[in-house]
Amino acid sequence: MSKKVHIKTWGCQMNVYDSDRMVDVVAPLGYAPTEEVADADLVIFNTCHIREKASEKLFSELGRLRSHREAKAQQGGRMMVAVAGCVAQAEGAEIKNRVPWIDMVFGPQTYHQLPEMIARVSREKGVVLNTEFPPVAKFDFLPDTSITTKVSAFLAVQEGCDKFCTFCVVPYTRGAEYSRSVDAVVKEAGRLVHEGAREITLLGQNVNAFHGEGPDGKTWGLARLLYRLAEIPELKRLRYTTSHPRDMTDELIVAHRDIPQLMPFLHLPVQSGSDTVLEAMNRKHTSDDYRRVIDHVRAARPDTALSSDFIVGFPGETDQDFDATMKLIRDIGYAQAFSFKYSRRPGTPASAMTNQIDESVKDVRLQELQKLLREQQEQFNIATVGQTLSVLIENKMQKDGLVFGRTPYMQALHLAAPECLVGQEVRVGITSAGFQRLEGVVATVSADAA
């Protein structure tokens, strides 16, 4: 490979998966990945529209990149620049107008067409703008091999959303819900395991709404897919994200009890503990609905660690609404969580609501909520000190003699151990814990550690 591609990724795990697959798509054209943007012949910004000021961050990055592009040209080379992902999908025309020197702007559904887009850029002047929703799923055109497989790998099984929460742009940037076939998922999972993956996280905007065609011609849900994937030899761990409370079926909850490879960790976003706010968000579940789901999950697998998403300062949120969210957090208890201030997303119903909350109020609420979540995460981690846990070693760290791994509960762990343990499950005695990570000592090493 004589050319280099540099991809900067923002946002969710689906974007990470997409970026890895973009590397695979351009590999046959001679592109190898590089961490050094100045060395790249192709730079791709894979964007996320969920985070605040996503567009401003993108344009800042493009401004900084221009000097590298000009330096490449002075050396007789060419640096192609592309914007991909959800910001590209939502604001493609504006990107094209504000950055006329850019080469490609394409949405998350069309990156399988990168070879064709690169060819067009090579022979034509102007910007290639590709933000349509093609009638055929991109997954059918992605390569069967990968050069980016890791010990812990992502696998997209579902994409898009039909829920239309009033704060969310996903239905407009990722399109309607689509599920891959079971055969396609199993084939990719088998390939990932063959290439060294020992843990696979199934991805989807609403992954537990998976409804793919099974090998028997019938529609399979996520639970049945998980049972099938658990049959793959050498696949030690399974996870899935992101879920919706409305799609936590009884069958899926039972799978948490019955599938040893399915880790006792569930990311289940609730967004708010106030029924008034949940209704304004169009979540179509109440706080008690959410509590009941959590009760059922814990009854099936008592040691399940929980994660969630929270939005503070949604339009119309009162002090009482915020207090209801804080109460829900205290009632349930989380091992980790993601929390954000509400920010307007153009085109979403919530952006047009007149009862917007002052930024100073959002700031205070977010700080209070994050303080509680941090305390809970730290307490959860500290409670593991003295225990012996199974840790999947994912990679060698930069500091000599240290490796990085994760417990079944998604806790990060630093361990003094040889690099040869990468890819193995190790029984680790937990010796210390903080908010962000654990430390421990090797107890036993076993390919069948549980």
# chains A, B, ... in the order shown; residues from 1 in each chain; ligands from 1

$ select_by_dssp --residues "segment 187-286 of chain A" --states "alpha helix (DSSP H)" --output "JSON, numbers by chain"
{"A": [187, 188, 189, 190, 191, 192, 193, 194, 222, 223, 224, 225, 226, 227, 228, 229, 250, 251, 252, 253, 254, 255, 256, 257, 258, 275, 276, 277, 278, 279, 280]}

$ write_last_selection --atoms "N, CA and C atoms" --output "CSV table (one decimal), in the first residue's frame"
chain,number,residue,atom,x,y,z
A,187,LYS,N,-21.9,-14.5,9.7
A,187,LYS,CA,-20.8,-14.6,8.9
A,187,LYS,C,-19.7,-13.6,9.3
A,188,GLU,N,-20.1,-12.3,9.5
A,188,GLU,CA,-19.2,-11.3,9.9
A,188,GLU,C,-18.6,-11.6,11.3
A,189,ALA,N,-19.4,-12.0,12.2
A,189,ALA,CA,-18.9,-12.4,13.6
A,189,ALA,C,-17.9,-13.5,13.5
A,190,GLY,N,-18.2,-14.5,12.7
A,190,GLY,CA,-17.2,-15.6,12.5
A,190,GLY,C,-15.9,-15.1,11.9
A,191,ARG,N,-16.0,-14.2,11.0
A,191,ARG,CA,-14.7,-13.6,10.4
A,191,ARG,C,-14.0,-12.8,11.5
A,192,LEU,N,-14.7,-12.0,12.3
A,192,LEU,CA,-14.0,-11.2,13.3
A,192,LEU,C,-13.3,-12.1,14.3
A,193,VAL,N,-14.0,-13.2,14.7
A,193,VAL,CA,-13.3,-14.2,15.7
A,193,VAL,C,-12.1,-14.8,15.0
A,194,HIS,N,-12.2,-15.2,13.8
A,194,HIS,CA,-11.1,-15.8,13.1
A,194,HIS,C,-9.9,-14.9,13.0
A,222,LEU,N,-33.4,-9.9,18.7
A,222,LEU,CA,-32.0,-9.8,19.2
A,222,LEU,C,-31.7,-11.0,20.1
A,223,ALA,N,-32.6,-11.5,20.9
A,223,ALA,CA,-32.3,-12.6,21.8
A,223,ALA,C,-32.0,-13.8,21.0
A,224,ARG,N,-32.7,-14.1,20.0
A,224,ARG,CA,-32.4,-15.4,19.2
A,224,ARG,C,-31.1,-15.2,18.5
A,225,LEU,N,-30.8,-14.0,18.0
A,225,LEU,CA,-29.5,-13.8,17.4
A,225,LEU,C,-28.4,-14.0,18.4
A,226,LEU,N,-28.5,-13.5,19.6
A,226,LEU,CA,-27.5,-13.7,20.6
A,226,LEU,C,-27.2,-15.2,20.9
A,227,TYR,N,-28.3,-16.0,21.0
A,227,TYR,CA,-28.1,-17.4,21.3
A,227,TYR,C,-27.3,-18.0,20.1
A,228,ARG,N,-27.6,-17.6,18.9
A,228,ARG,CA,-26.9,-18.2,17.7
A,228,ARG,C,-25.4,-17.8,17.8
A,229,LEU,N,-25.1,-16.5,18.1
A,229,LEU,CA,-23.7,-16.0,18.1
A,229,LEU,C,-23.0,-16.7,19.2
A,250,ASP,N,-39.2,-9.9,27.1
A,250,ASP,CA,-39.0,-11.0,28.1
A,250,ASP,C,-37.9,-12.0,27.6
A,251,GLU,N,-38.0,-12.3,26.3
A,251,GLU,CA,-37.0,-13.2,25.7
A,251,GLU,C,-35.6,-12.7,25.8
A,252,LEU,N,-35.4,-11.4,25.6
A,252,LEU,CA,-34.1,-10.8,25.7
A,252,LEU,C,-33.6,-10.8,27.2
A,253,ILE,N,-34.5,-10.5,28.1
A,253,ILE,CA,-34.1,-10.5,29.5
A,253,ILE,C,-33.7,-11.9,29.9
A,254,VAL,N,-34.4,-12.9,29.5
A,254,VAL,CA,-34.1,-14.3,29.8
A,254,VAL,C,-32.7,-14.6,29.2
A,255,ALA,N,-32.4,-14.1,28.1
A,255,ALA,CA,-31.1,-14.4,27.4
A,255,ALA,C,-30.0,-13.9,28.4
A,256,HIS,N,-30.2,-12.8,29.1
A,256,HIS,CA,-29.2,-12.3,30.0
A,256,HIS,C,-28.9,-13.4,31.1
A,257,ARG,N,-29.9,-14.1,31.4
A,257,ARG,CA,-29.8,-15.2,32.5
A,257,ARG,C,-29.1,-16.4,31.9
A,258,ASP,N,-29.4,-16.8,30.6
A,258,ASP,CA,-29.1,-18.1,30.1
A,258,ASP,C,-27.8,-18.1,29.2
A,275,ASP,N,-42.1,11.9,34.2
A,275,ASP,CA,-43.0,11.4,33.1
A,275,ASP,C,-43.4,12.6,32.2
A,276,THR,N,-43.5,13.8,32.8
A,276,THR,CA,-43.9,14.9,32.0
A,276,THR,C,-42.8,15.2,30.9
A,277,VAL,N,-41.6,15.1,31.3
A,277,VAL,CA,-40.5,15.3,30.3
A,277,VAL,C,-40.4,14.2,29.3
A,278,LEU,N,-40.6,12.9,29.8
A,278,LEU,CA,-40.6,11.8,28.9
A,278,LEU,C,-41.6,11.9,27.9
A,279,GLU,N,-42.8,12.4,28.2
A,279,GLU,CA,-43.9,12.6,27.3
A,279,GLU,C,-43.5,13.6,26.2
A,280,ALA,N,-42.9,14.7,26.7
A,280,ALA,CA,-42.5,15.8,25.8
A,280,ALA,C,-41.4,15.3,24.9

$ residues_around --residues "Lys341 of chain A" --least-positions-apart "4" --cutoff "8 Å" --atoms "only C-alpha atoms" --output "VMD selection string"
chain A and resid 311 to 314 362 to 363 366

$ write_last_selection --atoms "N, CA and C atoms" --output "short mmCIF file (atom, residue, chain, number, x, y, z; two decimals), in the first residue's frame"
data_model
loop_
_atom_site.label_atom_id
_atom_site.label_comp_id
_atom_site.auth_asym_id
_atom_site.auth_seq_id
_atom_site.Cartn_x
_atom_site.Cartn_y
_atom_site.Cartn_z
N ILE A 311 -30.47 13.50 29.86
CA ILE A 311 -30.49 14.85 29.31
C ILE A 311 -31.10 15.76 30.36
N VAL A 312 -30.38 16.83 30.72
CA VAL A 312 -30.93 17.82 31.64
C VAL A 312 -31.26 19.09 30.86
N GLY A 313 -32.23 19.84 31.37
CA GLY A 313 -32.58 21.10 30.75
C GLY A 313 -33.39 20.96 29.48
N PHE A 314 -34.11 19.83 29.32
CA PHE A 314 -35.00 19.71 28.17
C PHE A 314 -36.07 20.81 28.27
N LYS A 362 -29.24 24.95 33.15
CA LYS A 362 -28.74 23.66 32.64
C LYS A 362 -27.39 23.32 33.27
N ASP A 363 -26.51 24.32 33.35
CA ASP A 363 -25.18 24.09 33.90
C ASP A 363 -25.25 23.58 35.33
N LEU A 366 -26.69 20.01 35.43
CA LEU A 366 -25.77 19.00 34.93
C LEU A 366 -24.67 18.71 35.94
#

$ residues_around --residues "Phe133 of chain A" --least-positions-apart "3" --cutoff "12 Å" --atoms "only C-alpha atoms" --output "PyMOL selection string"
chain A and resi 89+106-111+130+136-138+160+171-176

$ write_last_selection --atoms "N, CA and C atoms" --output "PDB file, in the first residue's frame"
ATOM      1  N   GLN A  89     -24.658  14.303   6.521  1.00  0.00           N
ATOM      2  CA  GLN A  89     -26.002  13.972   6.051  1.00  0.00           C
ATOM      3  C   GLN A  89     -26.956  15.145   6.258  1.00  0.00           C
ATOM      4  N   PHE A 106     -20.395  12.996   2.319  1.00  0.00           N
ATOM      5  CA  PHE A 106     -21.301  11.853   2.158  1.00  0.00           C
ATOM      6  C   PHE A 106     -21.839  11.396   3.513  1.00  0.00           C
ATOM      7  N   GLY A 107     -23.060  10.887   3.475  1.00  0.00           N
ATOM      8  CA  GLY A 107     -23.739  10.453   4.690  1.00  0.00           C
ATOM      9  C   GLY A 107     -23.338   9.052   5.110  1.00  0.00           C
ATOM     10  N   PRO A 108     -23.857   8.602   6.261  1.00  0.00           N
ATOM     11  CA  PRO A 108     -23.464   7.294   6.807  1.00  0.00           C
ATOM     12  C   PRO A 108     -23.979   6.106   6.017  1.00  0.00           C
ATOM     13  N   GLN A 109     -24.887   6.341   5.074  1.00  0.00           N
ATOM     14  CA  GLN A 109     -25.435   5.219   4.306  1.00  0.00           C
ATOM     15  C   GLN A 109     -24.707   4.981   2.987  1.00  0.00           C
ATOM     16  N   THR A 110     -23.726   5.821   2.660  1.00  0.00           N
ATOM     17  CA  THR A 110     -23.135   5.739   1.317  1.00  0.00           C
ATOM     18  C   THR A 110     -21.630   5.537   1.309  1.00  0.00           C
ATOM     19  N   TYR A 111     -21.013   5.265   2.464  1.00  0.00           N
ATOM     20  CA  TYR A 111     -19.548   5.172   2.442  1.00  0.00           C
ATOM     21  C   TYR A 111     -19.047   3.939   1.707  1.00  0.00           C
ATOM     22  N   ASN A 130     -22.929  13.344  -1.666  1.00  0.00           N
ATOM     23  CA  ASN A 130     -23.653  12.072  -1.730  1.00  0.00           C
ATOM     24  C   ASN A 130     -24.365  11.837  -0.402  1.00  0.00           C
ATOM     25  N   VAL A 136     -30.502   0.057  -1.593  1.00  0.00           N
ATOM     26  CA  VAL A 136     -29.856  -1.191  -1.192  1.00  0.00           C
ATOM     27  C   VAL A 136     -28.933  -0.908  -0.015  1.00  0.00           C
ATOM     28  N   ALA A 137     -28.992  -1.748   1.016  1.00  0.00           N
ATOM     29  CA  ALA A 137     -28.217  -1.519   2.239  1.00  0.00           C
ATOM     30  C   ALA A 137     -26.722  -1.561   1.959  1.00  0.00           C
ATOM     31  N   LYS A 138     -25.985  -0.648   2.601  1.00  0.00           N
ATOM     32  CA  LYS A 138     -24.537  -0.563   2.403  1.00  0.00           C
ATOM     33  C   LYS A 138     -23.829  -1.845   2.825  1.00  0.00           C
ATOM     34  N   GLY A 160     -30.525   2.953  12.055  1.00  0.00           N
ATOM     35  CA  GLY A 160     -31.696   3.790  11.877  1.00  0.00           C
ATOM     36  C   GLY A 160     -32.646   3.715  13.055  1.00  0.00           C
ATOM     37  N   PRO A 171     -33.315   9.706  13.207  1.00  0.00           N
ATOM     38  CA  PRO A 171     -34.193   9.274  12.115  1.00  0.00           C
ATOM     39  C   PRO A 171     -33.975  10.029  10.809  1.00  0.00           C
ATOM     40  N   TYR A 172     -33.438  11.255  10.917  1.00  0.00           N
ATOM     41  CA  TYR A 172     -33.230  12.084   9.730  1.00  0.00           C
ATOM     42  C   TYR A 172     -31.843  11.881   9.118  1.00  0.00           C
ATOM     43  N   THR A 173     -30.887  11.405   9.922  1.00  0.00           N
ATOM     44  CA  THR A 173     -29.528  11.231   9.409  1.00  0.00           C
ATOM     45  C   THR A 173     -29.183   9.771   9.122  1.00  0.00           C
ATOM     46  N   ARG A 174     -29.807   8.852   9.855  1.00  0.00           N
ATOM     47  CA  ARG A 174     -29.545   7.422   9.651  1.00  0.00           C
ATOM     48  C   ARG A 174     -30.701   6.712   8.967  1.00  0.00           C
ATOM     49  N   GLY A 175     -31.860   7.357   8.909  1.00  0.00           N
ATOM     50  CA  GLY A 175     -32.990   6.774   8.204  1.00  0.00           C
ATOM     51  C   GLY A 175     -33.823   5.835   9.062  1.00  0.00           C
ATOM     52  N   ALA A 176     -34.722   5.107   8.398  1.00  0.00           N
ATOM     53  CA  ALA A 176     -35.629   4.191   9.084  1.00  0.00           C
ATOM     54  C   ALA A 176     -34.874   2.969   9.599  1.00  0.00           C
TER      55      ALA A 176
END

$ atom_distance --atom1 "atom CA of Val81 of chain A" --atom2 "atom CA of Pro143 of chain A"
22.4 Å

$ select_by_dssp --residues "segment 61-130 of chain A" --states "strand (DSSP E or B)" --output "VMD selection string"
chain A and resid 80 to 84 104 to 106 128 to 130

$ write_last_selection --atoms "C-alpha atoms" --output "PDB file, in the first residue's frame"
ATOM      1  CA  MET A  80      -8.285  14.498  -0.682  1.00  0.00           C
ATOM      2  CA  VAL A  81     -10.584  15.665   2.108  1.00  0.00           C
ATOM      3  CA  ALA A  82     -13.969  14.205   2.947  1.00  0.00           C
ATOM      4  CA  VAL A  83     -16.678  14.835   5.540  1.00  0.00           C
ATOM      5  CA  ALA A  84     -18.750  11.789   6.414  1.00  0.00           C
ATOM      6  CA  MET A 104     -16.358  14.750  -0.768  1.00  0.00           C
ATOM      7  CA  VAL A 105     -19.368  15.063   1.534  1.00  0.00           C
ATOM      8  CA  PHE A 106     -21.301  11.853   2.158  1.00  0.00           C
ATOM      9  CA  VAL A 128     -18.903  15.107  -4.673  1.00  0.00           C
ATOM     10  CA  LEU A 129     -22.059  15.418  -2.554  1.00  0.00           C
ATOM     11  CA  ASN A 130     -23.653  12.072  -1.730  1.00  0.00           C
TER      12      ASN A 130
END

$ closest_residue --among "A:Ala54, A:Met14, A:Met281, A:Val422" --to "Phe167 of chain A" --atoms "only C-alpha atoms"
A:Met281

$ residues_around --residues "Ala383 of chain A" --least-positions-apart "6" --cutoff "10 Å" --atoms "only C-alpha atoms" --output "VMD selection string"
chain A and resid 377 430 432 to 433
